[in-house]
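Enquirer: File follows, protein.cif with mmCIF, C-alpha atoms:
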data_final
#
loop_
_atom_site.group_PDB
_atom_site.id
_atom_site.type_symbol
_atom_site.label_atom_id
_atom_site.label_comp_id
_atom_site.auth_asym_id
_atom_site.auth_seq_id
_atom_site.Cartn_x
_atom_site.Cartn_y
_atom_site.Cartn_z
ATOM 1 C CA MET A 20 63.864 125.548 62.709
ATOM 2 C CA THR A 21 62.982 122.762 60.276
ATOM 3 C CA ILE A 22 60.770 123.753 57.357
ATOM 4 C CA VAL A 23 58.099 121.087 56.829
ATOM 5 C CA ALA A 24 56.441 121.144 53.418
ATOM 6 C CA ALA A 25 54.495 118.782 51.177
ATOM 7 C CA ALA A 26 55.321 118.598 47.462
ATOM 8 C CA ASP A 27 53.036 117.084 44.835
ATOM 9 C CA GLY A 28 52.312 116.932 41.119
ATOM 10 C CA SER A 29 49.298 116.231 38.931
ATOM 11 C CA ALA A 30 48.728 115.482 35.254
ATOM 12 C CA LEU A 31 45.398 115.215 33.431
ATOM 13 C CA GLY A 32 46.089 112.471 30.918
ATOM 14 C CA ASN A 33 49.756 111.900 31.837
ATOM 15 C CA PRO A 34 51.035 113.399 29.636
ATOM 16 C CA GLY A 35 48.605 116.264 29.432
ATOM 17 C CA PRO A 36 47.926 119.520 31.250
ATOM 18 C CA ALA A 37 50.158 119.257 34.336
ATOM 19 C CA GLY A 38 50.592 121.055 37.623
ATOM 20 C CA TRP A 39 52.908 121.099 40.625
ATOM 21 C CA ALA A 40 52.721 122.605 44.095
ATOM 22 C CA TRP A 41 54.442 122.718 47.458
ATOM 23 C CA TYR A 42 52.634 123.693 50.630
ATOM 24 C CA VAL A 43 53.719 124.768 54.133
ATOM 25 C CA ASP A 44 50.544 126.535 55.273
ATOM 26 C CA GLU A 45 47.871 128.874 53.919
ATOM 27 C CA THR A 46 50.296 131.809 53.921
ATOM 28 C CA CYS A 47 53.211 129.882 52.398
ATOM 29 C CA TRP A 48 52.718 127.824 49.247
ATOM 30 C CA ARG A 49 53.419 127.983 45.536
ATOM 31 C CA ALA A 50 52.069 126.295 42.412
ATOM 32 C CA GLY A 51 52.590 126.252 38.670
ATOM 33 C CA GLY A 52 52.416 123.942 35.694
ATOM 34 C CA TRP A 53 52.537 123.455 31.953
ATOM 35 C CA PRO A 54 50.082 122.944 29.095
ATOM 36 C CA HIS A 55 51.696 119.534 28.486
ATOM 37 C CA GLY A 56 53.689 117.462 30.964
ATOM 38 C CA THR A 57 53.683 114.326 33.077
ATOM 39 C CA ASN A 58 52.918 113.557 36.681
ATOM 40 C CA ASN A 59 56.561 112.735 37.416
ATOM 41 C CA MET A 60 57.653 116.080 35.988
ATOM 42 C CA GLY A 61 55.183 117.806 38.292
ATOM 43 C CA GLU A 62 56.432 115.885 41.329
ATOM 44 C CA LEU A 63 60.054 116.760 40.523
ATOM 45 C CA MET A 64 59.290 120.402 39.777
ATOM 46 C CA ALA A 65 57.466 120.823 43.101
ATOM 47 C CA VAL A 66 60.578 119.662 44.957
ATOM 48 C CA LEU A 67 62.891 121.783 42.793
ATOM 49 C CA ASP A 68 60.836 124.933 43.314
ATOM 50 C CA LEU A 69 60.717 124.287 47.052
ATOM 51 C CA PHE A 70 64.521 124.224 47.163
ATOM 52 C CA HIS A 71 64.684 127.394 45.048
ATOM 53 C CA SER A 72 62.064 129.125 47.189
ATOM 54 C CA THR A 73 64.001 128.403 50.391
ATOM 55 C CA ALA A 74 67.465 129.101 48.984
ATOM 56 C CA HIS A 75 67.631 132.314 51.053
ATOM 57 C CA LEU A 76 67.484 130.138 54.183
ATOM 58 C CA PRO A 77 70.341 127.701 53.502
ATOM 59 C CA GLU A 78 70.840 126.793 57.160
ATOM 60 C CA GLU A 79 67.216 125.783 57.704
ATOM 61 C CA PRO A 80 66.677 122.015 57.275
ATOM 62 C CA LEU A 81 63.929 120.965 54.872
ATOM 63 C CA HIS A 82 61.620 118.053 55.693
ATOM 64 C CA ILE A 83 59.731 117.201 52.504
ATOM 65 C CA LEU A 84 56.541 115.142 52.563
ATOM 66 C CA CYS A 85 56.124 113.357 49.253
ATOM 67 C CA ASP A 86 53.773 110.630 48.014
ATOM 68 C CA SER A 87 56.048 109.792 45.068
ATOM 69 C CA GLN A 88 58.498 106.950 45.568
ATOM 70 C CA TYR A 89 59.885 107.839 42.143
ATOM 71 C CA VAL A 90 60.964 111.291 43.319
ATOM 72 C CA ILE A 91 62.312 110.090 46.661
ATOM 73 C CA ASN A 92 64.319 107.300 45.062
ATOM 74 C CA CYS A 93 65.629 109.541 42.293
ATOM 75 C CA ILE A 94 67.036 112.056 44.751
ATOM 76 C CA THR A 95 68.103 109.836 47.648
ATOM 77 C CA LYS A 96 69.160 106.639 45.843
ATOM 78 C CA TRP A 97 69.584 106.781 42.097
ATOM 79 C CA MET A 98 71.045 110.190 41.172
ATOM 80 C CA PRO A 99 74.635 109.531 42.351
ATOM 81 C CA GLY A 100 74.877 106.404 40.204
ATOM 82 C CA TRP A 101 73.248 108.119 37.223
ATOM 83 C CA LYS A 102 75.732 110.982 37.469
ATOM 84 C CA ARG A 103 78.692 108.586 37.504
ATOM 85 C CA LYS A 104 77.340 106.964 34.350
ATOM 86 C CA GLY A 105 76.832 110.275 32.549
ATOM 87 C CA TRP A 106 73.149 110.457 33.505
ATOM 88 C CA ARG A 107 72.386 107.052 32.099
ATOM 89 C CA LYS A 108 70.662 104.120 33.759
ATOM 90 C CA ALA A 109 72.279 100.766 34.447
ATOM 91 C CA ASP A 110 71.013 99.478 31.097
ATOM 92 C CA GLY A 111 72.706 102.384 29.294
ATOM 93 C CA LYS A 112 69.471 104.166 28.422
ATOM 94 C CA PRO A 113 69.209 107.918 29.081
ATOM 95 C CA VAL A 114 67.610 108.994 32.336
ATOM 96 C CA LEU A 115 64.153 110.525 31.934
ATOM 97 C CA ASN A 116 63.524 114.095 33.111
ATOM 98 C CA VAL A 117 67.267 114.592 33.220
ATOM 99 C CA ASP A 118 67.253 118.408 33.127
ATOM 100 C CA LEU A 119 64.927 118.665 36.104
ATOM 101 C CA LEU A 120 67.078 116.125 37.957
ATOM 102 C CA LYS A 121 70.267 118.034 37.153
ATOM 103 C CA ASP A 122 68.687 121.209 38.496
ATOM 104 C CA ILE A 123 67.656 119.403 41.677
ATOM 105 C CA ASP A 124 71.151 117.973 42.002
ATOM 106 C CA ALA A 125 72.554 121.511 41.872
ATOM 107 C CA ALA A 126 69.889 122.946 44.198
ATOM 108 C CA ILE A 127 70.502 120.467 47.023
ATOM 109 C CA VAL A 128 74.229 121.170 47.307
ATOM 110 C CA GLY A 129 74.957 122.382 50.833
ATOM 111 C CA ARG A 130 71.347 121.942 51.947
ATOM 112 C CA LYS A 131 70.068 119.888 54.856
ATOM 113 C CA TYR A 132 67.017 117.911 53.840
ATOM 114 C CA THR A 133 65.055 114.735 54.532
ATOM 115 C CA PHE A 134 62.194 113.080 52.678
ATOM 116 C CA GLU A 135 59.215 111.316 54.202
ATOM 117 C CA TRP A 136 56.911 109.183 52.110
ATOM 118 C CA VAL A 137 53.226 109.775 52.794
ATOM 119 C CA LYS A 138 50.322 107.910 51.278
ATOM 120 C CA GLY A 139 48.536 110.033 48.725
ATOM 121 C CA HIS A 140 44.782 110.666 48.881
ATOM 122 C CA ALA A 141 44.729 109.378 52.458
ATOM 123 C CA GLY A 142 43.679 112.509 54.347
ATOM 124 C CA HIS A 143 47.140 113.864 55.203
ATOM 125 C CA ASP A 144 46.493 117.605 55.560
ATOM 126 C CA LEU A 145 49.676 118.956 53.969
ATOM 127 C CA ASN A 146 49.706 116.370 51.187
ATOM 128 C CA GLU A 147 46.062 117.015 50.377
ATOM 129 C CA ALA A 148 46.678 120.769 50.280
ATOM 130 C CA ALA A 149 49.605 120.362 47.875
ATOM 131 C CA ASP A 150 47.647 117.893 45.739
ATOM 132 C CA ASP A 151 44.660 120.260 45.525
ATOM 133 C CA ARG A 152 46.867 123.109 44.321
ATOM 134 C CA ALA A 153 48.772 120.971 41.820
ATOM 135 C CA ARG A 154 45.497 119.661 40.418
ATOM 136 C CA ASP A 155 44.070 123.183 40.249
ATOM 137 C CA ALA A 156 47.120 124.304 38.256
ATOM 138 C CA ALA A 157 46.741 121.401 35.819
ATOM 139 C CA THR A 158 43.045 122.156 35.476
ATOM 140 C CA ALA A 159 43.858 125.814 34.766
ATOM 141 C CA TYR A 160 46.112 124.847 31.874
ATOM 142 C CA GLN A 161 43.468 122.450 30.611
ATOM 143 C CA ALA A 162 41.076 125.407 30.553
ATOM 144 C CA LYS A 163 43.757 127.611 28.916
ATOM 145 C CA ARG A 164 43.973 130.085 31.782
ATOM 146 C CA ALA A 165 46.772 131.113 34.120
ATOM 147 C CA PRO A 166 46.930 129.164 37.396
ATOM 148 C CA ILE A 167 46.931 130.689 40.859
ATOM 149 C CA HIS A 168 50.583 130.738 41.887
ATOM 150 C CA GLY A 169 50.174 131.365 45.614
ATOM 151 C CA PRO A 170 52.037 133.686 47.986
ATOM 152 C CA GLY A 171 55.348 131.833 47.788
ATOM 153 C CA PHE A 172 57.912 131.778 50.586
ATOM 154 C CA ALA A 173 58.474 135.007 52.531
ATOM 155 C CA GLY A 174 61.789 136.567 51.613
ATOM 156 C CA ALA A 175 62.373 134.394 48.562
ATOM 157 C CA GLY A 176 63.674 135.876 45.325
ATOM 158 C CA PRO A 177 61.705 135.914 42.063
ATOM 159 C CA GLY A 178 60.169 132.526 41.322
ATOM 160 C CA ARG A 179 61.393 130.375 38.495
ATOM 161 C CA ALA A 180 59.063 128.458 36.214
ATOM 162 C CA PRO A 181 59.787 125.851 33.543
ATOM 163 C CA MET A 182 59.161 126.177 29.867
ATOM 164 C CA ASN A 183 56.785 123.736 28.228
ATOM 165 C CA PRO A 184 58.534 120.346 28.551
ATOM 166 C CA ALA A 185 56.992 119.046 25.344
ATOM 167 C CA ALA A 186 58.609 121.801 23.316
ATOM 168 C CA ALA A 187 62.048 120.959 24.626
ATOM 169 C CA ALA A 188 61.856 117.204 25.075
ATOM 170 C CA GLY A 189 64.260 115.011 23.181
ATOM 171 C CA PRO A 190 62.427 112.264 21.312
ATOM 172 C CA ALA A 191 64.541 109.491 22.799
ATOM 173 C CA THR A 192 65.056 110.731 26.337
ATOM 174 C CA GLY A 193 61.960 112.699 27.264
ATOM 175 C CA ALA A 194 64.295 115.224 28.892
ATOM 176 C CA THR A 195 63.148 118.750 29.583
ATOM 177 C CA ARG A 196 64.894 122.076 29.407
ATOM 178 C CA ALA A 197 65.973 123.640 32.653
ATOM 179 C CA PRO A 198 63.373 125.883 34.339
ATOM 180 C CA GLU A 199 63.529 129.523 33.340
ATOM 181 C CA PRO A 200 61.621 132.663 34.408
ATOM 182 C CA ALA A 201 58.362 133.408 32.645
ATOM 183 C CA ASP A 202 55.443 135.752 33.129
ATOM 184 C CA ILE A 203 53.007 132.870 32.996
ATOM 185 C CA PRO A 204 54.599 129.472 33.644
ATOM 186 C CA GLU A 205 53.667 126.844 31.559
ATOM 187 C CA GLN A 206 56.901 116.644 35.254
ATOM 188 C CA PRO A 207 59.852 103.501 36.627
ATOM 189 C CA ASP A 208 55.284 107.465 43.343
ATOM 190 C CA LEU A 209 53.299 106.643 40.932
ATOM 191 C CA PHE A 210 49.538 106.892 41.625
ATOM 192 C CA SER A 211 49.278 110.547 42.525
ATOM 193 C CA MET A 212 48.553 111.260 38.863
ATOM 194 C CA PHE A 213 45.017 110.077 39.537
ATOM 195 C CA ASP A 214 42.916 112.783 41.105
ATOM 196 C CA ASP A 215 39.273 113.124 41.989
ATOM 197 C CA GLY A 216 38.377 114.957 38.763
ATOM 198 C CA PRO A 217 37.763 113.395 35.343
ATOM 199 C CA ASP A 218 39.379 109.988 35.068
ATOM 200 C CA PRO A 219 42.739 110.592 33.328
ATOM 201 C CA ALA A 220 43.062 106.980 32.228
ATOM 202 C CA PHE A 221 40.037 107.209 29.959
ATOM 203 C CA PRO A 222 39.711 110.717 28.550
ATOM 204 C CA PRO A 223 38.024 111.190 25.163
ATOM 205 C CA GLY A 224 40.032 109.989 22.211
ATOM 206 C CA PRO A 225 41.464 106.559 21.353
ATOM 207 C CA ASP A 226 45.133 107.510 21.767
ATOM 208 C CA ALA A 227 44.824 109.244 25.121
ATOM 209 C CA SER A 228 42.823 106.339 26.519
ATOM 210 C CA LEU A 229 45.922 104.139 26.477
ATOM 211 C CA ARG A 230 48.385 106.394 28.202
ATOM 212 C CA ALA A 231 47.890 106.180 31.943
ATOM 213 C CA VAL A 232 47.331 102.438 32.380
ATOM 214 C CA VAL A 233 50.019 101.613 29.832
ATOM 215 C CA GLU A 234 52.551 103.815 31.629
ATOM 216 C CA LEU A 235 51.755 102.080 34.917
ATOM 217 C CA GLU A 236 52.360 98.710 33.272
ATOM 218 C CA ARG A 237 55.684 99.993 31.945
ATOM 219 C CA GLU A 238 56.595 101.045 35.485
ATOM 220 C CA LEU A 239 55.907 97.507 36.641
ATOM 221 C CA LEU A 240 58.288 96.147 33.988
ATOM 222 C CA ASP A 241 61.095 98.519 35.038
ATOM 223 C CA PRO A 242 63.907 96.592 36.808
ATOM 224 C CA ALA A 243 64.495 99.544 39.156
ATOM 225 C CA VAL A 244 60.871 99.484 40.281
ATOM 226 C CA ARG A 245 60.908 95.712 40.792
ATOM 227 C CA ALA A 246 64.020 96.065 42.938
ATOM 228 C CA ASP A 247 62.169 98.471 45.230
ATOM 229 C CA PRO A 248 59.702 96.456 47.380
ATOM 230 C CA LEU A 249 57.776 99.545 48.517
ATOM 231 C CA ARG A 250 57.341 100.909 45.007
ATOM 232 C CA ALA A 251 56.434 97.537 43.538
ATOM 233 C CA GLY A 252 54.047 96.908 46.406
ATOM 234 C CA GLU A 253 52.174 100.095 45.572
ATOM 235 C CA LEU A 254 51.527 98.762 42.090
ATOM 236 C CA LEU A 255 50.087 95.407 43.139
ATOM 237 C CA HIS A 256 46.553 95.174 44.489
ATOM 238 C CA PRO A 257 46.280 93.489 47.938
ATOM 239 C CA ASP A 258 44.418 90.606 46.225
ATOM 240 C CA PHE A 259 46.788 90.404 43.271
ATOM 241 C CA GLU A 260 47.556 87.036 41.740
ATOM 242 C CA GLU A 261 49.419 85.866 38.652
ATOM 243 C CA ILE A 262 49.118 82.718 36.565
ATOM 244 C CA GLY A 263 52.335 81.793 34.798
ATOM 245 C CA ALA A 264 52.856 80.015 31.507
ATOM 246 C CA SER A 265 53.281 76.748 33.456
ATOM 247 C CA GLY A 266 49.838 77.134 34.974
ATOM 248 C CA GLN A 267 51.198 77.863 38.438
ATOM 249 C CA ARG A 268 49.455 80.541 40.487
ATOM 250 C CA TRP A 269 51.446 83.125 42.388
ATOM 251 C CA SER A 270 50.238 85.326 45.240
ATOM 252 C CA ARG A 271 51.116 88.980 45.711
ATOM 253 C CA GLN A 272 53.658 88.148 48.412
ATOM 254 C CA GLU A 273 55.285 85.458 46.284
ATOM 255 C CA VAL A 274 55.578 87.805 43.318
ATOM 256 C CA LEU A 275 57.111 90.564 45.432
ATOM 257 C CA GLY A 276 59.585 88.021 46.811
ATOM 258 C CA MET A 277 60.570 86.979 43.302
ATOM 259 C CA PHE A 278 61.019 90.607 42.313
ATOM 260 C CA CYS A 279 63.540 91.041 45.124
ATOM 261 C CA GLU A 280 65.431 87.798 44.505
ATOM 262 C CA ALA A 281 65.576 87.591 40.724
ATOM 263 C CA GLU A 282 67.383 89.918 38.336
ATOM 264 C CA ALA A 283 64.715 91.466 36.135
ATOM 265 C CA ALA A 284 65.256 91.625 32.394
ATOM 266 C CA ASP A 285 64.784 94.984 30.722
ATOM 267 C CA ALA A 286 61.613 94.620 28.653
ATOM 268 C CA SER A 287 59.732 96.688 26.116
ATOM 269 C CA LEU A 288 55.960 96.769 25.778
ATOM 270 C CA GLU A 289 53.853 96.702 22.625
ATOM 271 C CA VAL A 290 50.198 97.489 23.317
ATOM 272 C CA LEU A 291 47.657 95.188 21.713
ATOM 273 C CA THR A 292 44.388 96.311 23.327
ATOM 274 C CA LEU A 293 43.142 98.382 26.249
ATOM 275 C CA ASN A 294 39.482 97.955 27.109
ATOM 276 C CA ARG A 295 37.426 99.459 29.883
ATOM 277 C CA LEU A 296 35.526 96.653 31.608
ATOM 278 C CA ASP A 297 33.608 98.958 33.944
ATOM 279 C CA ALA A 298 33.983 102.371 35.546
ATOM 280 C CA ALA A 299 36.918 101.224 37.702
ATOM 281 C CA THR A 300 38.467 98.324 35.760
ATOM 282 C CA ALA A 301 40.667 98.146 32.663
ATOM 283 C CA LEU A 302 42.000 95.145 30.732
ATOM 284 C CA LEU A 303 45.363 95.648 29.018
ATOM 285 C CA THR A 304 46.817 93.098 26.620
ATOM 286 C CA TYR A 305 50.288 93.516 25.207
ATOM 287 C CA ARG A 306 53.408 91.849 23.848
ATOM 288 C CA SER A 307 56.545 92.089 25.978
ATOM 289 C CA VAL A 308 60.003 91.739 24.458
ATOM 290 C CA ASP A 309 63.179 91.011 26.404
ATOM 291 C CA ARG A 310 66.395 89.027 25.964
ATOM 292 C CA ARG A 311 64.487 85.777 26.534
ATOM 293 C CA GLY A 312 62.080 86.401 23.660
ATOM 294 C CA THR A 313 58.492 87.624 23.405
ATOM 295 C CA ALA A 314 55.426 86.902 25.487
ATOM 296 C CA LEU A 315 51.741 87.717 25.196
ATOM 297 C CA ARG A 316 50.444 89.216 28.434
ATOM 298 C CA SER A 317 47.226 90.493 29.949
ATOM 299 C CA SER A 318 46.711 92.597 33.071
ATOM 300 C CA ILE A 319 43.547 93.660 34.836
ATOM 301 C CA TRP A 320 43.942 97.068 36.484
ATOM 302 C CA GLN A 321 41.487 98.185 39.133
ATOM 303 C CA ARG A 322 40.970 101.681 40.490
ATOM 304 C CA GLU A 323 40.174 102.056 44.195
ATOM 305 C CA ASN A 324 40.327 105.221 46.300
ATOM 306 C CA GLY A 325 41.677 107.174 43.338
ATOM 307 C CA ARG A 326 44.534 104.744 42.639
ATOM 308 C CA TRP A 327 45.126 102.178 39.930
ATOM 309 C CA GLN A 328 46.621 98.840 40.945
ATOM 310 C CA VAL A 329 47.047 95.646 38.973
ATOM 311 C CA ARG A 330 44.678 92.938 40.254
ATOM 312 C CA PHE A 331 45.558 90.051 37.934
ATOM 313 C CA HIS A 332 48.283 89.188 35.445
ATOM 314 C CA GLN A 333 48.881 86.314 33.071
ATOM 315 C CA GLY A 334 51.674 85.757 30.557
ATOM 316 C CA THR A 335 52.398 83.141 27.892
ATOM 317 C CA LEU A 336 55.618 82.821 25.910
ATOM 318 C CA GLU A 337 54.990 83.460 22.244
ATOM 319 C CA ALA A 338 55.768 80.662 19.811
#
Starting from the coordinates I provided, produce the structure as structure tokens.
Expert:
Amino acid sequence: MTIVAAADGSALGNPGPAGWAWYVDETCWRAGGWPHGTNNMGELMAVLDLFHSTAHLPEEPLHILCDSQYVINCITKWMPGWKRKGWRKADGKPVLNVDLLKDIDAAIVGRKYTFEWVKGHAGHDLNEAADDRARDAATAYQAKRAPIHGPGFAGAGPGRAPMNPAAAAGPATGATRAPEPADIPEQPDLFSMFDDGPDPAFPPGPDASLRAVVELERELLDPAVRADPLRAGELLHPDFEEIGASGQRWSRQEVLGMFCEAEAADASLEVLTLNRLDAATALLTYRSVDRRGTALRSSIWQRENGRWQVRFHQGTLEA
């Protein structure tokens, strides 16, 4: 019989207090987290723990509901190529979250599994249940208390929980140490980091206020994300438009078409300003640097239904 489960992650600040959870039903779910992690780490850890928790049932197929295109693409598309390149991306840079990915790569050997993308925060019962538990775990770490771990999977061995990723992360790679047992556990889909609690994009403090929107912009610059129409489409608002340096206006559909047809240059991002225009709108200005030179850019990000999407973008080559 196929095991159907939702897996989700949450981070308050991204990075910040983070949680993960998988959910089958009220009698079968598990959650955990860390004092400091990212949404992607939480998404990956939820999937990893689900494989660990069902390892005693190796013949049972797993059908995993996930609202993270990042996780689905990592496991079903990108990992084989990364492994061949020594866990490096096409541009030679180290893969992020590599220890969690290596553990997943080992855990899926011999397993039958499928992934199904579901839209987050859209009323899907299993996804909402997993999201609630992941957010609760992140909130617990924010409040400096142990999270509720849940009943787990019947017949599973002792659960495994990761050490604090921040304590083990390499400064250049952001990699985390492999999950290990603990008494109290301490993570390029992209929008599930935004929950219905305090707005993680604008928490108190000037440094933290930049993190979430800036990371989304970096995702949009990632060549791997631009090559994935579904992932890129999630980032662009339905009414998105761009004005280029030539003065030409581009629609959302035209931009997505260009993403698919053109080879994207790997670019870095230097933040200039991030200002909150209103409760649901942020203006980011930055300098991008790639092999063609530098450009000054501005993006307006808008939050609707708990998700941030870019509504407008303009770029001008720097003299």
Enquirer: Give me, please, the distance in Å between CA of Met20 in chain A and CA of Glu79 in chain A, quoted to one decimal.
Expert: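 Answer for the CA of Met20 in chain A to CA of Glu79 in chain A separation: 6.0 Å.
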Enquirer: Take the PyMOL selection byres ((chain A and resi 161) around 12), run it mentally on this structure, and tell me the resulting residues as a list in words.
Expert: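 Taken on the displayed file, the PyMOL selection byres ((chain A and resi 161) around 12) yields the residues Ser29, Ala30, Leu31, Gly32, Pro34, Gly35, Pro36, Ala37, Gly38, Gly52, Trp53, Pro54, His55, Gly56, Arg154, Asp155, Ala156, Ala157, Thr158, Ala159, Tyr160, Ala162, Lys163, Arg164, Ala165, Pro166, Glu205 and Pro217 of chain A.
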Enquirer: Considering all atoms listed in the file, return as a short mmCIF file (atom, residue, chain, number, x, y, z; two decimals) with C-alpha atoms, in the frame of the given file whatever protein or nucleic-acid residues lie within 6 Å of range 258-260 of chain A, sequence-local ones (same chain, fewer than 5 positions apart) excluded.
Expert:
data_model
loop_
_atom_site.label_atom_id
_atom_site.label_comp_id
_atom_site.auth_asym_id
_atom_site.auth_seq_id
_atom_site.Cartn_x
_atom_site.Cartn_y
_atom_site.Cartn_z
CA TRP A 269 51.45 83.12 42.39
CA SER A 270 50.24 85.33 45.24
CA ARG A 271 51.12 88.98 45.71
CA ARG A 330 44.68 92.94 40.25
CA PHE A 331 45.56 90.05 37.93
#
Enquirer: Could you tell me, as a list in words, exactly which residues end up selected when the PyMOL selection byres ((chain A and resi 21) around 7) is applied to this structure?
Expert: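 Matching residues under the PyMOL selection byres ((chain A and resi 21) around 7) are Met20, Ile22, Val23, Glu79, Pro80, Leu81 and His82 of chain A.
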Enquirer: Within 12 Å of (38.9, 98.0, 26.8), in the coordinates the file gives, what residues turn up when you count all atoms listed in the file, written out as an MDAnalysis selection string?
Expert: chainID A and resid 220:221 225 228:229 232 290:304 317:320
Enquirer: So which one's closest to Pro77 in chain A, A:Leu240, A:Ile127, A:Ala153, A:Ala24? Using only C-alpha atoms, please.
Expert: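 For Pro77 in chain A, the nearest of the candidates is A:Ile127.
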Enquirer: So, with all atoms listed in the file as the atoms that count, which of A:Val43, A:Val274, A:Ile167, A:Leu254 lies closest to Glu234 in chain A?
Expert: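 Of the candidates, the smallest distance to Glu234 in chain A is held by A:Leu254.
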Enquirer: Quick check, in Å to one decimal: how far apart do CA of Arg316 in chain A and CA of Gln333 in chain A lie?
Expert: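 Distance between the two atoms: 5.7 Å.
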Enquirer: For each of A:Ser87, A:Gln321, A:Ser265, A:Ser72, take the minimum atom-to-atom distance to His140 in chain A, counting all atoms listed in the file, then give the residue where this is smallest.
Expert: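 Under the stated criterion, the closest residue is A:Ser87.
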Enquirer: List, as a count of residues only, every residue that the PyMOL selection byres ((chain A and resi 126) around 12) selects in the file provided.
Expert: 26
Enquirer: For CA of Glu289 in chain A and CA of Gln267 in chain A, determine how far apart the two atoms are, in Å to one decimal place.
Expert: 24.7 Å
Enquirer: Check the smallest atom-to-atom distance from each of A:Arg310, A:Asp150, A:Arg326, A:Leu336 to Leu255 in chain A using all atoms listed in the file, then report the winner.
Expert: A:Arg326
Enquirer: If we count only C-alpha atoms and set the cut-off at 10 Å, which residues sit around range 97-108 of chain A, ignoring sequence neighbours fewer than 2 positions away in its own chain? Please answer as JSON, numbers by chain.
Expert: {"A": [89, 90, 91, 92, 93, 94, 95, 110, 111, 112, 113, 114, 115, 117, 118, 120, 121, 123, 124, 243]}
Enquirer: Give me the residues within 8 Å of Gly171 in chain A as a list in words, counting all atoms listed in the file and dropping any in the same chain fewer than 2 places off.
Expert: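 Result of the neighbour search: Thr46, Cys47, Trp48, Arg49, Ser72, His168, Gly169, Ala173 and Ala175 of chain A.
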Enquirer: Could you check the closest approach to Asp285 in chain A for each of A:Val137, A:Ala109, A:Ala149, A:Ala251 and tell me which residue wins, using all atoms listed in the file?
Expert: A:Ala109
Enquirer: Looking at all atoms listed in the file, which of A:Arg250, A:Arg322, A:Arg152, A:His332 is the one that sits closest to Lys138 in chain A?
Expert: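 That would be A:Arg250, the residue with the smallest distance to Lys138 in chain A.
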Enquirer: Please enclose the listed atoms of range 319-331 of chain A in an axis-aligned box, pad each side by 6 Å, and write out the centre and the three edge lengths in Å, rounded to one decimal, as AutoDock Vina command-line options.
Expert:
--center_x 43.6 --center_y 98.6 --center_z 40.6 --size_x 18.9 --size_y 29.1 --size_z 23.5
Enquirer: List as JSON, numbers by chain the protein and nucleic acid residues near Glu135 in chain A, meaning an atom at most 7 Å away when only C-alpha atoms are counted, but skip any in the same chain fewer than 6 places from it.
Expert: {"A": [83, 84, 85]}
